[in-house]
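Structure file protein-v1.txt (compact mmCIF, C-alpha atoms) follows.
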# COMPACT_ATOMS: atom_id res chain seq x y z
CA MET A 727 150.78 135.84 183.51
CA LYS A 728 151.12 136.56 187.18
CA TRP A 729 150.98 133.73 189.68
CA GLN A 730 150.18 134.27 193.33
CA PRO A 731 150.50 131.99 196.36
CA ILE A 732 147.33 130.48 197.80
CA ALA A 733 145.84 132.62 200.58
CA ALA A 734 143.48 131.62 203.36
CA SER A 735 139.78 131.87 202.59
CA LEU A 736 137.50 132.81 205.46
CA VAL A 737 134.47 131.51 203.64
CA VAL A 738 136.02 128.09 203.25
CA ILE A 739 137.23 128.00 206.84
CA ALA A 740 133.64 128.55 207.96
CA LEU A 741 132.66 125.48 205.99
CA PHE A 742 135.48 123.33 207.30
CA MET A 743 135.65 123.73 211.06
CA GLY A 744 137.87 121.80 213.36
CA GLY A 745 141.20 123.42 212.64
CA MET A 746 141.59 122.25 209.02
CA ALA A 747 143.92 124.46 207.00
CA VAL A 748 142.32 125.84 203.88
CA TRP A 749 144.16 127.47 201.02
CA ARG A 750 142.52 129.65 198.44
CA LEU A 751 143.69 129.63 194.85
CA THR A 752 144.07 132.65 192.61
CA ARG A 753 142.90 133.08 189.03
CA SER A 754 144.39 134.67 185.95
CA ASP A 755 143.18 137.65 183.96
CA ASN A 756 141.79 135.71 180.99
CA PRO A 757 137.98 135.44 180.78
CA ARG A 758 137.97 133.77 177.35
CA ASN A 759 138.05 130.15 178.35
CA THR A 760 134.47 128.94 178.31
CA GLY A 761 134.24 125.50 176.80
CA ASN A 762 132.19 122.38 176.35
CA ALA A 763 130.28 121.19 179.39
CA PRO A 764 132.22 118.29 180.93
CA ALA A 765 130.93 115.34 182.90
CA ASN A 766 131.85 114.58 186.51
CA ASP A 767 134.85 112.38 185.82
CA ALA A 768 138.57 112.30 185.21
CA ILE A 769 140.19 111.59 181.85
CA ASP A 770 143.69 111.04 180.56
CA LEU A 771 145.59 113.05 177.99
CA PRO A 772 144.30 112.54 174.46
CA ALA A 773 146.07 109.78 172.58
CA ASP A 774 148.46 110.92 169.87
CA ASP A 775 147.94 110.02 166.22
CA GLY A 776 150.75 107.48 166.07
CA GLU A 777 153.74 108.52 163.99
CA TRP A 778 154.46 112.24 164.05
CA LYS A 779 155.65 113.87 160.84
CA THR A 780 159.04 115.51 160.70
CA VAL A 781 159.19 119.23 159.93
CA LYS A 782 161.84 121.46 158.43
CA LEU A 783 162.16 124.71 160.34
CA ARG A 784 161.42 127.87 158.42
CA ASP A 785 163.17 131.15 159.10
CA LEU A 786 160.79 132.81 161.59
CA PRO A 787 161.32 135.67 164.07
CA SER A 788 161.78 134.50 167.65
CA LEU A 789 159.08 135.53 170.13
CA ASP A 790 157.44 133.66 173.01
CA PRO A 791 153.63 133.72 173.24
CA ILE A 792 152.00 134.91 176.47
CA GLY A 793 152.41 132.66 179.51
CA LEU A 794 154.21 129.82 177.74
CA TRP A 795 154.58 126.88 180.14
CA PRO A 796 156.66 124.98 181.16
CA SER A 797 159.70 127.21 181.47
CA HIS A 798 163.10 126.40 179.98
CA GLY A 799 164.90 123.80 182.07
CA ALA A 800 161.76 122.74 183.95
CA ARG A 801 161.61 119.28 185.51
CA VAL A 802 158.08 117.90 185.41
CA SER A 803 156.87 115.21 187.79
CA ASP A 804 154.81 113.35 185.17
CA PRO A 805 156.14 112.44 181.71
CA GLN A 806 152.74 113.38 180.23
CA LEU A 807 152.46 117.15 180.45
CA TRP A 808 150.47 120.07 179.09
CA VAL A 809 152.24 122.75 177.06
CA VAL A 810 150.17 125.91 177.76
CA TRP A 811 150.17 129.42 176.26
CA GLU A 812 147.93 132.32 175.21
CA THR A 813 147.58 134.56 172.17
CA ARG A 814 145.89 137.96 171.95
CA GLU A 815 144.07 136.87 168.80
CA HIS A 816 142.15 133.71 167.91
CA ALA A 817 145.31 132.26 166.39
CA SER A 818 146.53 129.12 164.70
CA CYS A 819 149.51 127.51 166.44
CA ARG A 820 151.45 124.30 166.49
CA VAL A 821 153.88 122.59 168.87
CA ILE A 822 157.06 121.02 167.57
CA ALA A 823 159.50 118.93 169.61
CA ARG A 824 162.72 117.00 169.27
CA SER A 825 165.05 114.84 171.33
CA GLY A 826 168.65 116.02 171.46
CA ARG A 827 169.93 116.63 167.94
CA SER A 828 167.21 114.57 166.26
CA ALA A 829 164.73 115.92 163.74
CA TRP A 830 161.86 118.19 164.76
CA TYR A 831 158.41 116.61 164.89
CA GLU A 832 155.00 118.27 164.76
CA VAL A 833 153.19 117.23 167.95
CA GLY A 834 149.88 118.90 167.10
CA SER A 835 148.09 122.16 166.30
CA THR A 836 145.53 124.45 167.96
CA LYS A 837 143.29 127.37 167.03
CA ALA A 838 142.14 129.45 170.00
CA ASN A 839 143.06 132.30 172.36
CA THR A 840 143.99 129.97 175.20
CA HIS A 841 146.00 126.99 173.99
CA TYR A 842 147.11 123.70 175.50
CA MET A 843 148.76 120.71 173.89
CA ALA A 844 149.69 117.29 175.24
CA LEU A 845 153.37 116.33 175.13
CA ASP A 846 154.54 112.85 176.13
CA LEU A 847 158.17 112.86 177.26
CA SER A 848 158.29 109.06 177.24
CA ARG A 849 158.53 109.32 173.44
CA PHE A 850 161.72 111.39 173.85
CA ASN A 851 163.53 109.32 176.48
CA ASP A 852 162.08 111.61 179.18
CA GLU A 853 163.76 114.77 177.87
CA ALA A 854 162.69 117.00 174.99
CA TRP A 855 163.18 120.38 173.38
CA PHE A 856 160.00 122.08 172.25
CA CYS A 857 158.82 125.27 170.50
CA VAL A 858 155.49 126.89 169.72
CA GLU A 859 154.92 128.38 166.27
CA TRP A 860 152.12 130.95 166.33
CA THR A 861 150.62 133.93 164.52
CA GLU A 862 149.69 137.48 165.49
CA GLY A 863 148.79 140.45 163.31
CA GLY A 864 149.36 138.40 160.19
CA ARG A 865 152.94 137.55 161.19
CA GLU A 866 154.31 134.16 162.18
CA TYR A 867 156.63 133.61 165.13
CA ARG A 868 158.47 130.77 166.81
CA SER A 869 159.15 130.66 170.53
CA GLN A 870 162.62 130.14 171.93
CA GLU A 871 163.60 126.48 172.26
CA ARG A 872 162.82 125.15 175.73
CA LEU A 873 164.20 122.04 177.37
CA VAL A 874 161.91 120.05 179.64
CA SER A 875 162.71 116.79 181.42
CA PHE A 876 161.07 114.24 183.69
CA GLY A 877 161.99 114.11 187.37
CA ALA A 878 160.48 112.16 190.24
CA GLY A 879 158.28 114.26 192.54
CA ALA A 880 154.72 114.89 193.67
CA ALA A 881 152.30 114.82 190.72
CA PHE A 882 148.59 114.81 190.01
CA GLY A 883 147.17 111.34 189.54
CA ARG A 884 145.26 112.32 186.40
CA ARG A 885 145.90 114.76 183.59
CA THR A 886 142.36 116.16 183.37
CA TYR A 887 139.39 116.44 185.73
CA ARG A 888 135.90 117.21 184.45
CA ILE A 889 133.73 118.41 187.31
CA ALA A 890 130.01 119.12 187.38
CA VAL A 891 129.35 121.77 190.05
CA PRO A 892 125.77 122.20 191.37
CA LYS A 893 124.76 125.88 191.41
CA ALA A 894 121.80 125.52 193.75
CA GLU A 895 123.57 123.57 196.50
CA PRO A 896 126.25 124.47 199.07
CA ALA A 897 129.72 124.16 197.57
CA LYS A 898 131.23 120.72 198.05
CA PRO A 899 134.86 119.78 197.38
CA PHE A 900 136.05 117.32 194.75
CA ASP A 901 138.97 114.97 195.27
CA ILE A 902 142.14 115.47 193.20
CA ASN A 903 144.62 112.60 193.54
CA VAL A 904 148.23 113.44 194.32
CA VAL A 905 150.84 110.70 193.88
CA GLY A 906 154.58 110.32 194.26
CA GLY A 907 154.93 112.69 197.20
CA GLU A 908 153.80 113.50 200.72
CA LEU A 909 150.96 116.01 201.03
CA ARG A 910 152.10 116.77 204.58
CA ARG A 911 155.34 118.33 203.37
CA LEU A 912 153.75 120.55 200.71
CA THR A 913 153.23 124.18 201.78
CA GLY A 914 150.53 126.63 200.74
CA ASP A 915 152.84 127.94 198.00
CA ALA A 916 152.75 124.53 196.32
CA PHE A 917 149.29 124.95 194.74
CA LEU A 918 148.52 127.68 192.19
CA THR A 919 145.91 128.23 189.49
CA SER A 920 145.81 129.99 186.13
CA LEU A 921 143.41 130.73 183.28
CA PHE A 922 140.12 130.48 185.17
CA PRO A 923 137.76 133.41 184.48
CA ASP A 924 138.36 136.45 186.70
CA ASN A 925 135.30 135.86 188.88
CA VAL A 926 135.75 132.10 189.34
CA HIS A 927 137.68 131.54 192.58
CA CYS A 928 138.87 128.09 193.58
CA TRP A 929 140.29 126.77 196.84
CA THR A 930 142.16 123.65 197.90
CA LEU A 931 142.25 121.63 201.10
CA PRO A 932 145.04 119.03 201.41
CA ARG A 933 143.81 115.83 203.04
CA PRO A 934 146.91 113.75 203.83
CA ASP A 935 144.74 111.24 205.71
CA LEU A 936 142.90 110.47 202.46
CA GLY A 937 145.83 110.96 200.11
CA VAL A 938 143.95 113.59 198.11
CA LEU A 939 143.79 117.31 197.53
CA GLN A 940 140.23 118.63 197.78
CA LEU A 941 139.27 121.30 195.24
CA GLY A 942 136.23 123.56 195.51
CA VAL A 943 134.67 126.63 193.92
CA THR A 944 133.90 129.46 196.35
CA ASP A 945 130.82 130.61 194.41
CA PRO A 946 129.43 127.95 192.02
CA ALA A 947 127.06 130.53 190.52
CA SER A 948 130.10 132.34 189.07
CA ILE A 949 130.78 129.49 186.61
CA PRO A 950 129.61 130.50 183.09
CA ASP A 951 126.64 128.56 181.71
CA ALA A 952 128.83 127.10 178.98
CA GLY A 953 131.41 125.98 181.54
CA CYS A 954 135.02 127.05 181.87
CA PHE A 955 138.46 125.64 182.47
CA GLY A 956 141.76 126.45 184.12
CA PHE A 957 144.92 124.78 185.35
CA LEU A 958 145.98 123.76 188.82
CA GLU A 959 149.75 123.68 189.32
CA LEU A 960 151.71 121.69 191.87
CA ARG A 961 155.25 122.70 192.82
CA ASP A 962 157.24 120.21 194.86
CA PRO A 963 160.10 122.14 196.55
CA ALA A 964 161.74 118.96 197.82
CA THR A 965 162.42 117.69 194.29
CA GLY A 966 162.27 120.93 192.29
CA THR A 967 159.56 119.49 190.04
CA VAL A 968 156.29 120.94 188.73
CA ASP A 969 153.05 119.51 187.37
CA ARG A 970 149.78 120.85 185.97
CA VAL A 971 146.31 119.33 185.73
CA LEU A 972 143.52 120.64 183.50
CA ILE A 973 140.33 121.41 185.46
CA GLU A 974 137.09 121.69 183.48
CA LEU A 975 134.06 123.04 185.37
CA ARG A 976 130.42 122.71 184.29
CA PRO A 977 127.47 124.17 186.22
CA VAL A 978 124.47 121.88 186.81

Output the structure of this file as structure tokens.
Amino acid sequence: MKWQPIAASLVVIALFMGGMAVWRLTRSDNPRNTGNAPANDAIDLPADDGEWKTVKLRDLPSLDPIGLWPSHGARVSDPQLWVVWETREHASCRVIARSGRSAWYEVGSTKANTHYMALDLSRFNDEAWFCVEWTEGGREYRSQERLVSFGAGAAFGRRTYRIAVPKAEPAKPFDINVVGGELRRLTGDAFLTSLFPDNVHCWTLPRPDLGVLQLGVTDPASIPDAGCFGFLELRDPATGTVDRVLIELRPV
């Protein structure tokens, strides 16, 4: 998956006069992410099911699925994070994780083309190894082990935003809370998107005076009738940390 820095959007600048800097976000090349229509609110990560079951690793070939995130050695700025990946087929997958040399635990399973799974580092003393087991062409694979740890830095205030976007009205921005860092010191390269449909273009406008990052859709009519989703990523160069928030869009 190719990421690109946020570029200036002339359309957005016309809407926000007065010298405000506007950054446009890019999208990925995956159109298969329509989903349930969300409400106009923010929600937390789903709660886990209590005690995870231990698993014994089978002998599987090693292969990473497409766009697996976060990368090995990543430091995330919130202990609750999304593990994200894609498969070419509508595939069954599961995430397993462990702390140090402890047993492997099954965190959860998915069945989709675009996958995301909640992982709570606070259950692993803020540092965990994880893998994704997945299928393609009737074969099973396991990704390389990846280490991810918690580090203080700028982070999104919520894990998920569900946004209802009016199609028949001028585009209006929605506030995304950013905590644990200074918006003034974050550059245009700090904010990136992935997994939105090809024709859905988003933009951001940092508002340090309000302590929020404003998010908007350039053309609300481009949102599929069933809704869609994508991820907004925040990279804090001062601390070397990253964070992702799930953005669900629904046209109204």

With only C-alpha atoms as the counted atoms, please give the residues lying no more than 9 Å from Leu789 of chain A, apart from itself and same-chain residues fewer than 5 positions off, as a compact mmCIF listing (two decimals) with C-alpha atoms, in the frame of the given file.
# COMPACT_ATOMS: atom_id res chain seq x y z
CA TYR A 867 156.63 133.61 165.13
CA ARG A 868 158.47 130.77 166.81
CA SER A 869 159.15 130.66 170.53
CA GLN A 870 162.62 130.14 171.93

Counting all atoms listed in the file, the residue of A:Glu895, A:Arg801, A:Leu873, A:Lys837 that sits nearest Ala823 of chain A:
A:Leu873

In Å, rounded to a single decimal, give me how far atom CA of Leu931 of chain A is from atom CA of Glu908 of chain A.
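Computed distance, atom CA of Glu908 of chain A to atom CA of Leu931 of chain A, equals 14.1 Å.
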
Determine the nearest neighbour of Glu853 of chain A from the options A:Gly883, A:Gly799, A:Gly834, A:Pro923, counting all atoms listed in the file.
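Closest to Glu853 of chain A of all the choices is A:Gly799.
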
Quick one: of A:His798, A:Arg884, A:Arg824, A:His841, who's nearest to Ile902 of chain A, counting only C-alpha atoms?
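Selected residue with least distance to Ile902 of chain A: A:Arg884.
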
Quick check, in Å to one decimal: how far apart do atom CA of Glu859 of chain A and atom CA of Val821 of chain A lie?
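Between atom CA of Glu859 of chain A and atom CA of Val821 of chain A the gap is 6.4 Å.
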
Can you list every residue of segment 840-926 of chain A that has an atom at most 10 Å from segment 952-976 of chain A, with its nearest atom pair and the distance in Å to one decimal, using all atoms listed in the file, ordered by chain then number, as JSON lines?
{"residue": "A:Thr840", "atom": "CA", "partner": "A:Gly956", "partner_atom": "CA", "distance": 9.8}
{"residue": "A:Tyr842", "atom": "CA", "partner": "A:Leu972", "partner_atom": "CA", "distance": 9.3}
{"residue": "A:Ser875", "atom": "CA", "partner": "A:Thr967", "partner_atom": "CA", "distance": 9.6}
{"residue": "A:Phe876", "atom": "CA", "partner": "A:Thr967", "partner_atom": "CA", "distance": 8.4}
{"residue": "A:Gly877", "atom": "CA", "partner": "A:Thr967", "partner_atom": "CA", "distance": 6.5}
{"residue": "A:Ala878", "atom": "CA", "partner": "A:Thr965", "partner_atom": "CA", "distance": 7.1}
{"residue": "A:Gly879", "atom": "CA", "partner": "A:Thr965", "partner_atom": "CA", "distance": 5.7}
{"residue": "A:Ala880", "atom": "CA", "partner": "A:Asp962", "partner_atom": "CA", "distance": 6.0}
{"residue": "A:Ala881", "atom": "CA", "partner": "A:Asp969", "partner_atom": "CA", "distance": 5.8}
{"residue": "A:Phe882", "atom": "CA", "partner": "A:Val971", "partner_atom": "CA", "distance": 6.6}
{"residue": "A:Gly883", "atom": "CA", "partner": "A:Val971", "partner_atom": "CA", "distance": 8.9}
{"residue": "A:Arg884", "atom": "CA", "partner": "A:Val971", "partner_atom": "CA", "distance": 7.1}
{"residue": "A:Arg885", "atom": "CA", "partner": "A:Val971", "partner_atom": "CA", "distance": 5.1}
{"residue": "A:Thr886", "atom": "CA", "partner": "A:Leu972", "partner_atom": "CA", "distance": 4.6}
{"residue": "A:Tyr887", "atom": "CA", "partner": "A:Ile973", "partner_atom": "CA", "distance": 5.1}
{"residue": "A:Arg888", "atom": "CA", "partner": "A:Glu974", "partner_atom": "CA", "distance": 4.7}
{"residue": "A:Ile889", "atom": "CA", "partner": "A:Leu975", "partner_atom": "CA", "distance": 5.0}
{"residue": "A:Ala890", "atom": "CA", "partner": "A:Arg976", "partner_atom": "CA", "distance": 4.8}
{"residue": "A:Val891", "atom": "CA", "partner": "A:Arg976", "partner_atom": "CA", "distance": 5.9}
{"residue": "A:Pro892", "atom": "CA", "partner": "A:Arg976", "partner_atom": "CA", "distance": 8.5}
{"residue": "A:Lys893", "atom": "CA", "partner": "A:Arg976", "partner_atom": "CA", "distance": 9.6}
{"residue": "A:Ile902", "atom": "CA", "partner": "A:Val971", "partner_atom": "CA", "distance": 9.4}
{"residue": "A:Val904", "atom": "CA", "partner": "A:Leu960", "partner_atom": "CA", "distance": 9.3}
{"residue": "A:Gly907", "atom": "CA", "partner": "A:Asp962", "partner_atom": "CA", "distance": 8.2}
{"residue": "A:Glu908", "atom": "CA", "partner": "A:Asp962", "partner_atom": "CA", "distance": 9.5}
{"residue": "A:Leu909", "atom": "CA", "partner": "A:Asp962", "partner_atom": "CA", "distance": 9.8}
{"residue": "A:Arg911", "atom": "CA", "partner": "A:Ala964", "partner_atom": "CA", "distance": 8.5}
{"residue": "A:Leu912", "atom": "CA", "partner": "A:Asp962", "partner_atom": "CA", "distance": 6.8}
{"residue": "A:Thr913", "atom": "CA", "partner": "A:Pro963", "partner_atom": "CA", "distance": 8.9}
{"residue": "A:Asp915", "atom": "CA", "partner": "A:Arg961", "partner_atom": "CA", "distance": 7.8}
{"residue": "A:Ala916", "atom": "CA", "partner": "A:Arg961", "partner_atom": "CA", "distance": 4.7}
{"residue": "A:Phe917", "atom": "CA", "partner": "A:Leu960", "partner_atom": "CA", "distance": 5.0}
{"residue": "A:Leu918", "atom": "CA", "partner": "A:Glu959", "partner_atom": "CA", "distance": 5.1}
{"residue": "A:Thr919", "atom": "CA", "partner": "A:Leu958", "partner_atom": "CA", "distance": 4.5}
{"residue": "A:Ser920", "atom": "CA", "partner": "A:Phe957", "partner_atom": "CA", "distance": 5.3}
{"residue": "A:Leu921", "atom": "CA", "partner": "A:Gly956", "partner_atom": "CA", "distance": 4.7}
{"residue": "A:Phe922", "atom": "CA", "partner": "A:Gly956", "partner_atom": "CA", "distance": 4.5}
{"residue": "A:Pro923", "atom": "CA", "partner": "A:Cys954", "partner_atom": "CA", "distance": 7.4}
{"residue": "A:Val926", "atom": "CA", "partner": "A:Cys954", "partner_atom": "CA", "distance": 9.0}

Residues from last step as file, C-alpha atoms, as a PDB file, in the frame of the given file:
ATOM      1  CA  THR A 840     143.990 129.970 175.200  1.00  0.00           C
ATOM      2  CA  TYR A 842     147.110 123.700 175.500  1.00  0.00           C
ATOM      3  CA  SER A 875     162.710 116.790 181.420  1.00  0.00           C
ATOM      4  CA  PHE A 876     161.070 114.240 183.690  1.00  0.00           C
ATOM      5  CA  GLY A 877     161.990 114.110 187.370  1.00  0.00           C
ATOM      6  CA  ALA A 878     160.480 112.160 190.240  1.00  0.00           C
ATOM      7  CA  GLY A 879     158.280 114.260 192.540  1.00  0.00           C
ATOM      8  CA  ALA A 880     154.720 114.890 193.670  1.00  0.00           C
ATOM      9  CA  ALA A 881     152.300 114.820 190.720  1.00  0.00           C
ATOM     10  CA  PHE A 882     148.590 114.810 190.010  1.00  0.00           C
ATOM     11  CA  GLY A 883     147.170 111.340 189.540  1.00  0.00           C
ATOM     12  CA  ARG A 884     145.260 112.320 186.400  1.00  0.00           C
ATOM     13  CA  ARG A 885     145.900 114.760 183.590  1.00  0.00           C
ATOM     14  CA  THR A 886     142.360 116.160 183.370  1.00  0.00           C
ATOM     15  CA  TYR A 887     139.390 116.440 185.730  1.00  0.00           C
ATOM     16  CA  ARG A 888     135.900 117.210 184.450  1.00  0.00           C
ATOM     17  CA  ILE A 889     133.730 118.410 187.310  1.00  0.00           C
ATOM     18  CA  ALA A 890     130.010 119.120 187.380  1.00  0.00           C
ATOM     19  CA  VAL A 891     129.350 121.770 190.050  1.00  0.00           C
ATOM     20  CA  PRO A 892     125.770 122.200 191.370  1.00  0.00           C
ATOM     21  CA  LYS A 893     124.760 125.880 191.410  1.00  0.00           C
ATOM     22  CA  ILE A 902     142.140 115.470 193.200  1.00  0.00           C
ATOM     23  CA  VAL A 904     148.230 113.440 194.320  1.00  0.00           C
ATOM     24  CA  GLY A 907     154.930 112.690 197.200  1.00  0.00           C
ATOM     25  CA  GLU A 908     153.800 113.500 200.720  1.00  0.00           C
ATOM     26  CA  LEU A 909     150.960 116.010 201.030  1.00  0.00           C
ATOM     27  CA  ARG A 911     155.340 118.330 203.370  1.00  0.00           C
ATOM     28  CA  LEU A 912     153.750 120.550 200.710  1.00  0.00           C
ATOM     29  CA  THR A 913     153.230 124.180 201.780  1.00  0.00           C
ATOM     30  CA  ASP A 915     152.840 127.940 198.000  1.00  0.00           C
ATOM     31  CA  ALA A 916     152.750 124.530 196.320  1.00  0.00           C
ATOM     32  CA  PHE A 917     149.290 124.950 194.740  1.00  0.00           C
ATOM     33  CA  LEU A 918     148.520 127.680 192.190  1.00  0.00           C
ATOM     34  CA  THR A 919     145.910 128.230 189.490  1.00  0.00           C
ATOM     35  CA  SER A 920     145.810 129.990 186.130  1.00  0.00           C
ATOM     36  CA  LEU A 921     143.410 130.730 183.280  1.00  0.00           C
ATOM     37  CA  PHE A 922     140.120 130.480 185.170  1.00  0.00           C
ATOM     38  CA  PRO A 923     137.760 133.410 184.480  1.00  0.00           C
ATOM     39  CA  VAL A 926     135.750 132.100 189.340  1.00  0.00           C
TER      40      VAL A 926
END

Name the closest residue to Ser828 of chain A among the candidates A:Ala897, A:Ala854, A:Cys928, A:Val938; distances are taken between atoms, counting all atoms listed in the file.
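The shortest atom-to-atom distance to Ser828 of chain A comes from A:Ala854.
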
Work out how far apart atom CA of Asp785 of chain A and atom CA of Ala844 of chain A are and give it in Å to one decimal.
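Distance between the two atoms: 25.2 Å.
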
Mind checking which residues fall within 10 Å of Thr813 of chain A, counting only C-alpha atoms, ignoring those fewer than 3 positions away in the same chain, and posting them as a list of chain:residue names?
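Contacts, in chain order: A:Asp790, A:Pro791, A:Ile792, A:Gly793, A:Leu794, A:His816, A:Ala817, A:Ser818, A:Cys819, A:Lys837, A:Ala838, A:Asn839, A:Thr840, A:His841, A:Trp860, A:Thr861, A:Glu862.
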
Pick from A:Lys898, A:Val833, A:Asp852, A:Thr780: nearest to Val802 of chain A, with all atoms listed in the file counted?
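Among the listed residues, A:Asp852 lies closest to Val802 of chain A.
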